[in-house]
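Structure first, commentary second.
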Amino acid sequence: MPNAARATATKIRIPQFEPLLGDEELAQLRECIETGWLTEGPKTAEFIDRLAALTGAKHVILAPNGTLALYMALSVCGIGPGDEVIVPDFTFLGSASSIALTGARPVFADINRETFNLDAEAVRQALSPRTRAIMPVHIYGQAAEMAPLLELAKQENLFVIEDAAQGIGVSYRNRHAGTLGDLGCLSFFADKTITTGEGGAILTSNDEFADRLQYFRNQGRLNRGSFIHPQMGWNFRLTDLQSGIGLAQLDRLETIIERKRQIEQLYKSRLDGLEDVEFPSAKEPQCRVPFRMNILVPDPEGLAEHLAREGVGVRRFFYPLHRQPCFNEQNSRTGGALVNSISAFDRGLSLPSSVKLTEQDIDTVCDAIDAFFQ
Ligand SMILES: *Cc1c(COP(=O)(O)O)cnc(C)c1O
């Protein structure tokens with residue numbers, strides 16, 4: 001498997017990603033330690049309220065990470081052995097492993113060649129009598145084309161579970177990513193737009209799902225402080241330490257998104273003249289947060305190795321799920337040809353895109369790209 005990071009022992013001077021953290025996050029942690037409240041408490045309650053206000057979701061249920069958020073969402077829909085869920089072939093593993101780990105089978109469908117998002121026609125071809133749900137992914141912070149997927153789900157009586165792990169701050173037709181389907185999942189991993197270290201959330205407007213999620217994550221009961229458990233459940237709670245960091249990060253969200261847009265503009269103006277470098281298509285700004293600084297080139301592995309030697313941290317695009325060694329014919333199925341997913345992997349590279357990048361850093365990266373193509 002290609003791994004640009006391992007290609008060289010050169011020290012990385014410009015990392016592919018770094019979170020933006022500072023005094024505000026420290027103050028939140030200090031408060032938790034001084035008050036002695038570490039588990040879910042006042043900061044978690046506030047974090048939930050702030051996420052609900054931001055996304056417009058009726059219910060926000062926190063999860064230990066994005067993968068478990070997806071697993072919880074699938075589980076409360078009753079999805080399990082014998083069922084199939086259609087997922088794009090081009091996404092992070094967690095989208096599909098969360099399906100497989102319920103006992104259901106992920107079915108990989110192709111993406112749109114331009115946007116890298118799930119293609120409704122490919123989904124239609126991947127349907128079977130066992131299909132129970134569709135999982136659109138708002139990949140690289142660009143809203144998936146939801147209207148045809150929602151329409152298809154309605155016709156076929158399927159659940160829609162959105163993977164909005166990369167979608168905070170992203171809207172589709174004036175609704176926040178993750179609030180269009182039955183359930184939607186966010187991630188707050190360290191390289192997402194905002195972070196709690198590890199963390200995730202499920203958005204839903206459905207009261208019954210919200211209730212089931214509470215039982216599921218909280219040892220089979222609705223409230224803490226009782227030793228009576230009507231159901232069997234997991235402990236999938238967060239901590240106030242994480243929620244505190246999340247509150248400080250939410251205060252930065254607008255600044256982070258603004259800076260991501262500026263960084264993308266800087267890169268684009270610097271790389272514009274290079275014939276071999278293309279930029280993926282971009283929807284209007286409200287539908288998109290530039291989650292990564294992505295380029296399309298003829299030989300991403302060669303460029304990745306060159307940049308690593310120059311001390312620049314880069315990442316290849318997602319590896320097509322149908323090629324993942326952890327999936328086989330028993331636990332997965334492909335819903336047709338997956339040419340666009342393969343093409344995205346074969347061309348894509350994510351450049352450094354932390355909001356901590358300086359203009360000087362961007363110049364260094366672009367000079368190194370220039371040199372590669374000379
Ligand atoms: C990060 C990510 C996940 C998983 O989130 P974790 O919090 O890392 O478990 C799932 N899907 C996509 C598209 C992601 O980017």
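So you can find residues: chains in the structure tokens are A, B, ... in the order shown, residues in each start at 1, and ligands are numbered from 1 in order.
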
Legend entry - Residues within 7 Å of ligand 1, counting only C-alpha atoms and all ligand atoms, as a PyMOL selection string: chain A and resi 65-68+91-95+137+139+163-166+187-189+192+198-200

Legend entry - For Gly36 of chain A: contacts at 12 Å, only C-alpha atoms, fewer than 6 positions along chain excluded, given as number ranges by chain: A: 29-30, 42, 239-241

DSSP says alpha helix (DSSP H) for which residues of segment 215-353 of chain A? Put them as an mmCIF file with N, CA, C and O atoms, in the first residue's frame?
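Done, and the output landed in states.cif:
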```
data_model
loop_
_atom_site.group_PDB
_atom_site.id
_atom_site.type_symbol
_atom_site.label_atom_id
_atom_site.label_comp_id
_atom_site.auth_asym_id
_atom_site.auth_seq_id
_atom_site.Cartn_x
_atom_site.Cartn_y
_atom_site.Cartn_z
ATOM 1 N N TYR A 215 -30.609 5.271 25.575
ATOM 2 C CA TYR A 215 -30.507 3.939 26.178
ATOM 3 C C TYR A 215 -29.236 3.233 25.701
ATOM 4 O O TYR A 215 -28.519 2.613 26.472
ATOM 5 N N PHE A 216 -28.998 3.356 24.405
ATOM 6 C CA PHE A 216 -27.892 2.633 23.763
ATOM 7 C C PHE A 216 -26.537 3.055 24.333
ATOM 8 O O PHE A 216 -25.646 2.241 24.524
ATOM 9 N N ARG A 217 -26.379 4.358 24.603
ATOM 10 C CA ARG A 217 -25.068 4.894 24.990
ATOM 11 C C ARG A 217 -24.881 4.941 26.492
ATOM 12 O O ARG A 217 -23.781 5.185 26.964
ATOM 13 N N ASP A 240 -16.562 15.773 30.268
ATOM 14 C CA ASP A 240 -16.615 17.241 30.271
ATOM 15 C C ASP A 240 -15.294 17.855 29.828
ATOM 16 O O ASP A 240 -15.266 18.986 29.341
ATOM 17 N N LEU A 241 -14.199 17.115 29.989
ATOM 18 C CA LEU A 241 -12.913 17.603 29.479
ATOM 19 C C LEU A 241 -13.008 17.822 27.975
ATOM 20 O O LEU A 241 -12.593 18.848 27.436
ATOM 21 N N GLN A 242 -13.595 16.827 27.289
ATOM 22 C CA GLN A 242 -13.735 16.928 25.833
ATOM 23 C C GLN A 242 -14.759 17.996 25.453
ATOM 24 O O GLN A 242 -14.528 18.786 24.532
ATOM 25 N N SER A 243 -15.893 18.005 26.168
ATOM 26 C CA SER A 243 -16.921 19.001 25.834
ATOM 27 C C SER A 243 -16.401 20.415 26.058
ATOM 28 O O SER A 243 -16.747 21.335 25.314
ATOM 29 N N GLY A 244 -15.567 20.596 27.096
ATOM 30 C CA GLY A 244 -14.986 21.911 27.353
ATOM 31 C C GLY A 244 -14.122 22.358 26.176
ATOM 32 O O GLY A 244 -14.225 23.500 25.703
ATOM 33 N N ILE A 245 -13.295 21.452 25.692
ATOM 34 C CA ILE A 245 -12.478 21.783 24.512
ATOM 35 C C ILE A 245 -13.400 22.088 23.331
ATOM 36 O O ILE A 245 -13.177 23.044 22.585
ATOM 37 N N GLY A 246 -14.472 21.297 23.209
ATOM 38 C CA GLY A 246 -15.427 21.520 22.126
ATOM 39 C C GLY A 246 -16.055 22.909 22.182
ATOM 40 O O GLY A 246 -16.245 23.554 21.140
ATOM 41 N N LEU A 247 -16.354 23.386 23.390
ATOM 42 C CA LEU A 247 -16.940 24.735 23.534
ATOM 43 C C LEU A 247 -15.958 25.796 23.046
ATOM 44 O O LEU A 247 -16.331 26.723 22.314
ATOM 45 N N ALA A 248 -14.683 25.652 23.439
ATOM 46 C CA ALA A 248 -13.669 26.619 22.993
ATOM 47 C C ALA A 248 -13.502 26.551 21.479
ATOM 48 O O ALA A 248 -13.333 27.575 20.806
ATOM 49 N N GLN A 249 -13.583 25.331 20.941
ATOM 50 C CA GLN A 249 -13.441 25.164 19.494
ATOM 51 C C GLN A 249 -14.630 25.764 18.741
ATOM 52 O O GLN A 249 -14.461 26.356 17.672
ATOM 53 N N LEU A 250 -15.838 25.612 19.297
ATOM 54 C CA LEU A 250 -17.011 26.196 18.637
ATOM 55 C C LEU A 250 -16.866 27.714 18.537
ATOM 56 O O LEU A 250 -17.276 28.316 17.545
ATOM 57 N N ASP A 251 -16.258 28.325 19.586
ATOM 58 C CA ASP A 251 -16.016 29.774 19.525
ATOM 59 C C ASP A 251 -15.091 30.140 18.363
ATOM 60 O O ASP A 251 -15.112 31.267 17.888
ATOM 61 N N ARG A 252 -14.265 29.195 17.949
ATOM 62 C CA ARG A 252 -13.303 29.471 16.872
ATOM 63 C C ARG A 252 -13.836 29.092 15.496
ATOM 64 O O ARG A 252 -13.156 29.332 14.494
ATOM 65 N N LEU A 253 -15.003 28.428 15.458
ATOM 66 C CA LEU A 253 -15.431 27.812 14.196
ATOM 67 C C LEU A 253 -15.437 28.790 13.024
ATOM 68 O O LEU A 253 -14.902 28.500 11.952
ATOM 69 N N GLU A 254 -16.033 29.966 13.249
ATOM 70 C CA GLU A 254 -16.114 30.932 12.145
ATOM 71 C C GLU A 254 -14.730 31.350 11.653
ATOM 72 O O GLU A 254 -14.480 31.423 10.445
ATOM 73 N N THR A 255 -13.844 31.625 12.603
ATOM 74 C CA THR A 255 -12.467 32.011 12.258
ATOM 75 C C THR A 255 -11.770 30.899 11.485
ATOM 76 O O THR A 255 -11.071 31.149 10.501
ATOM 77 N N ILE A 256 -11.964 29.661 11.942
ATOM 78 C CA ILE A 256 -11.312 28.524 11.282
ATOM 79 C C ILE A 256 -11.802 28.402 9.835
ATOM 80 O O ILE A 256 -11.009 28.259 8.905
ATOM 81 N N ILE A 257 -13.124 28.488 9.648
ATOM 82 C CA ILE A 257 -13.677 28.336 8.295
ATOM 83 C C ILE A 257 -13.173 29.467 7.391
ATOM 84 O O ILE A 257 -12.757 29.236 6.252
ATOM 85 N N GLU A 258 -13.178 30.684 7.933
ATOM 86 C CA GLU A 258 -12.709 31.846 7.166
ATOM 87 C C GLU A 258 -11.249 31.646 6.740
ATOM 88 O O GLU A 258 -10.875 31.855 5.584
ATOM 89 N N ARG A 259 -10.434 31.202 7.674
ATOM 90 C CA ARG A 259 -9.010 31.006 7.388
ATOM 91 C C ARG A 259 -8.800 29.864 6.388
ATOM 92 O O ARG A 259 -7.946 29.947 5.506
ATOM 93 N N LYS A 260 -9.584 28.800 6.498
ATOM 94 C CA LYS A 260 -9.481 27.700 5.529
ATOM 95 C C LYS A 260 -9.761 28.216 4.114
ATOM 96 O O LYS A 260 -9.115 27.811 3.157
ATOM 97 N N ARG A 261 -10.752 29.115 4.016
ATOM 98 C CA ARG A 261 -11.075 29.665 2.692
ATOM 99 C C ARG A 261 -9.923 30.515 2.165
ATOM 100 O O ARG A 261 -9.576 30.457 0.989
ATOM 101 N N GLN A 262 -9.317 31.318 3.062
ATOM 102 C CA GLN A 262 -8.181 32.154 2.638
ATOM 103 C C GLN A 262 -7.009 31.288 2.177
ATOM 104 O O GLN A 262 -6.387 31.564 1.148
ATOM 105 N N ILE A 263 -6.735 30.233 2.946
ATOM 106 C CA ILE A 263 -5.605 29.354 2.607
ATOM 107 C C ILE A 263 -5.828 28.729 1.235
ATOM 108 O O ILE A 263 -4.920 28.667 0.413
ATOM 109 N N GLU A 264 -7.055 28.292 0.992
ATOM 110 C CA GLU A 264 -7.348 27.705 -0.319
ATOM 111 C C GLU A 264 -7.108 28.714 -1.440
ATOM 112 O O GLU A 264 -6.539 28.388 -2.481
ATOM 113 N N GLN A 265 -7.530 29.962 -1.208
ATOM 114 C CA GLN A 265 -7.317 31.002 -2.222
ATOM 115 C C GLN A 265 -5.835 31.246 -2.471
ATOM 116 O O GLN A 265 -5.408 31.417 -3.609
ATOM 117 N N LEU A 266 -5.059 31.270 -1.387
ATOM 118 C CA LEU A 266 -3.620 31.481 -1.522
ATOM 119 C C LEU A 266 -2.987 30.374 -2.361
ATOM 120 O O LEU A 266 -2.223 30.641 -3.293
ATOM 121 N N TYR A 267 -3.313 29.132 -2.016
ATOM 122 C CA TYR A 267 -2.783 28.004 -2.797
ATOM 123 C C TYR A 267 -3.198 28.130 -4.258
ATOM 124 O O TYR A 267 -2.393 27.935 -5.156
ATOM 125 N N LYS A 268 -4.479 28.423 -4.473
ATOM 126 C CA LYS A 268 -4.987 28.441 -5.850
ATOM 127 C C LYS A 268 -4.277 29.507 -6.664
ATOM 128 O O LYS A 268 -3.915 29.278 -7.819
ATOM 129 N N SER A 269 -4.063 30.683 -6.071
ATOM 130 C CA SER A 269 -3.425 31.727 -6.865
ATOM 131 C C SER A 269 -1.954 31.382 -7.111
ATOM 132 O O SER A 269 -1.417 31.687 -8.166
ATOM 133 N N ARG A 270 -1.331 30.687 -6.165
ATOM 134 C CA ARG A 270 0.075 30.314 -6.347
ATOM 135 C C ARG A 270 0.245 29.183 -7.364
ATOM 136 O O ARG A 270 1.235 29.129 -8.089
ATOM 137 N N LEU A 271 -0.703 28.235 -7.414
ATOM 138 C CA LEU A 271 -0.537 27.043 -8.264
ATOM 139 C C LEU A 271 -1.245 27.179 -9.615
ATOM 140 O O LEU A 271 -1.168 26.281 -10.450
ATOM 141 N N PRO A 300 0.245 11.295 -8.088
ATOM 142 C CA PRO A 300 0.224 11.781 -6.703
ATOM 143 C C PRO A 300 1.278 11.116 -5.816
ATOM 144 O O PRO A 300 1.812 11.756 -4.917
ATOM 145 N N GLU A 301 1.587 9.828 -6.077
ATOM 146 C CA GLU A 301 2.567 9.147 -5.224
ATOM 147 C C GLU A 301 3.959 9.758 -5.426
ATOM 148 O O GLU A 301 4.689 9.993 -4.460
ATOM 149 N N GLY A 302 4.307 10.042 -6.694
ATOM 150 C CA GLY A 302 5.603 10.661 -6.982
ATOM 151 C C GLY A 302 5.709 12.028 -6.334
ATOM 152 O O GLY A 302 6.725 12.361 -5.695
ATOM 153 N N LEU A 303 4.654 12.810 -6.456
ATOM 154 C CA LEU A 303 4.667 14.153 -5.857
ATOM 155 C C LEU A 303 4.707 14.054 -4.328
ATOM 156 O O LEU A 303 5.425 14.811 -3.665
ATOM 157 N N ALA A 304 3.973 13.082 -3.772
ATOM 158 C CA ALA A 304 3.951 12.915 -2.311
ATOM 159 C C ALA A 304 5.356 12.592 -1.803
ATOM 160 O O ALA A 304 5.804 13.143 -0.788
ATOM 161 N N GLU A 305 6.049 11.718 -2.516
ATOM 162 C CA GLU A 305 7.409 11.352 -2.086
ATOM 163 C C GLU A 305 8.345 12.537 -2.194
ATOM 164 O O GLU A 305 9.162 12.785 -1.305
ATOM 165 N N HIS A 306 8.205 13.290 -3.279
ATOM 166 C CA HIS A 306 9.031 14.487 -3.457
ATOM 167 C C HIS A 306 8.776 15.488 -2.324
ATOM 168 O O HIS A 306 9.719 16.010 -1.723
ATOM 169 N N LEU A 307 7.517 15.734 -2.021
ATOM 170 C CA LEU A 307 7.191 16.723 -0.980
ATOM 171 C C LEU A 307 7.665 16.241 0.388
ATOM 172 O O LEU A 307 8.160 17.043 1.196
ATOM 173 N N ALA A 308 7.547 14.948 0.639
ATOM 174 C CA ALA A 308 8.016 14.408 1.930
ATOM 175 C C ALA A 308 9.521 14.652 2.073
ATOM 176 O O ALA A 308 9.998 15.002 3.157
ATOM 177 N N ARG A 309 10.252 14.459 0.976
ATOM 178 C CA ARG A 309 11.706 14.729 1.018
ATOM 179 C C ARG A 309 11.995 16.199 1.310
ATOM 180 O O ARG A 309 13.021 16.546 1.865
ATOM 181 N N VAL A 339 -15.405 3.185 -11.103
ATOM 182 C CA VAL A 339 -14.331 3.861 -11.852
ATOM 183 C C VAL A 339 -14.014 5.245 -11.300
ATOM 184 O O VAL A 339 -12.854 5.672 -11.297
ATOM 185 N N ASN A 340 -15.008 5.966 -10.820
ATOM 186 C CA ASN A 340 -14.742 7.333 -10.351
ATOM 187 C C ASN A 340 -14.035 7.334 -9.002
ATOM 188 O O ASN A 340 -13.231 8.226 -8.718
ATOM 189 N N SER A 341 -14.341 6.350 -8.189
ATOM 190 C CA SER A 341 -13.659 6.205 -6.901
ATOM 191 C C SER A 341 -12.178 5.912 -7.151
ATOM 192 O O SER A 341 -11.284 6.517 -6.537
ATOM 193 N N ILE A 342 -11.914 4.995 -8.077
ATOM 194 C CA ILE A 342 -10.521 4.645 -8.408
ATOM 195 C C ILE A 342 -9.816 5.864 -9.002
ATOM 196 O O ILE A 342 -8.675 6.182 -8.641
ATOM 197 N N SER A 343 -10.510 6.583 -9.870
ATOM 198 C CA SER A 343 -9.907 7.764 -10.500
ATOM 199 C C SER A 343 -9.575 8.837 -9.467
ATOM 200 O O SER A 343 -8.524 9.488 -9.544
ATOM 201 N N ALA A 344 -10.438 9.013 -8.471
ATOM 202 C CA ALA A 344 -10.147 10.017 -7.429
ATOM 203 C C ALA A 344 -8.874 9.619 -6.681
ATOM 204 O O ALA A 344 -7.966 10.440 -6.487
ATOM 205 N N PHE A 345 -8.799 8.346 -6.291
ATOM 206 C CA PHE A 345 -7.599 7.891 -5.571
ATOM 207 C C PHE A 345 -6.351 8.040 -6.443
ATOM 208 O O PHE A 345 -5.295 8.450 -5.964
ATOM 209 N N ASP A 346 -6.476 7.730 -7.725
ATOM 210 C CA ASP A 346 -5.316 7.764 -8.628
ATOM 211 C C ASP A 346 -4.798 9.168 -8.910
ATOM 212 O O ASP A 346 -3.707 9.320 -9.432
ATOM 213 N N ARG A 347 -5.617 10.191 -8.599
ATOM 214 C CA ARG A 347 -5.198 11.548 -8.958
ATOM 215 C C ARG A 347 -4.994 12.466 -7.764
ATOM 216 O O ARG A 347 -4.322 13.488 -7.862
#
```

Legend entry - segment 110-239 of chain A: residues DSSP assigns to strand (DSSP E), reported as a list in words: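 Filtering segment 110-239 of chain A to strand (DSSP E) leaves Thr131, Arg132, Ala133, Ile134, Phe159, Val160, Ile161, Glu162, Asp163, Ser171, Tyr172, Arg175, His176, Leu183, Gly184, Cys185, Leu186, Ser187, Gly200, Ala201, Ile202, Leu203 and Thr204 of chain A.
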
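Take atom CA of Phe108 of chain A and atom CA of Gln16 of chain A: the distance between them is 28.1 Å.
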
Inset, instruction - For atom CA of Arg173 of chain A and atom CA of Pro148 of chain A, determine how far apart the two atoms are, in Å to one decimal place. - result: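 Taking atom CA of Arg173 of chain A as the start and atom CA of Pro148 of chain A as the end point, the length is 13.1 Å.
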
Legend entry - Who sits within 6 Å of Glu84 of chain A, only C-alpha atoms, same chain under 5 positions skipped, as a PyMOL selection string: chain A and resi 104-106+130-132

Legend entry - Residues within 9 Å of Ala368 of chain A, only C-alpha atoms, excluding chain neighbours under 2 positions, as number ranges by chain: A: 306-307, 310, 312, 363-366, 370-373
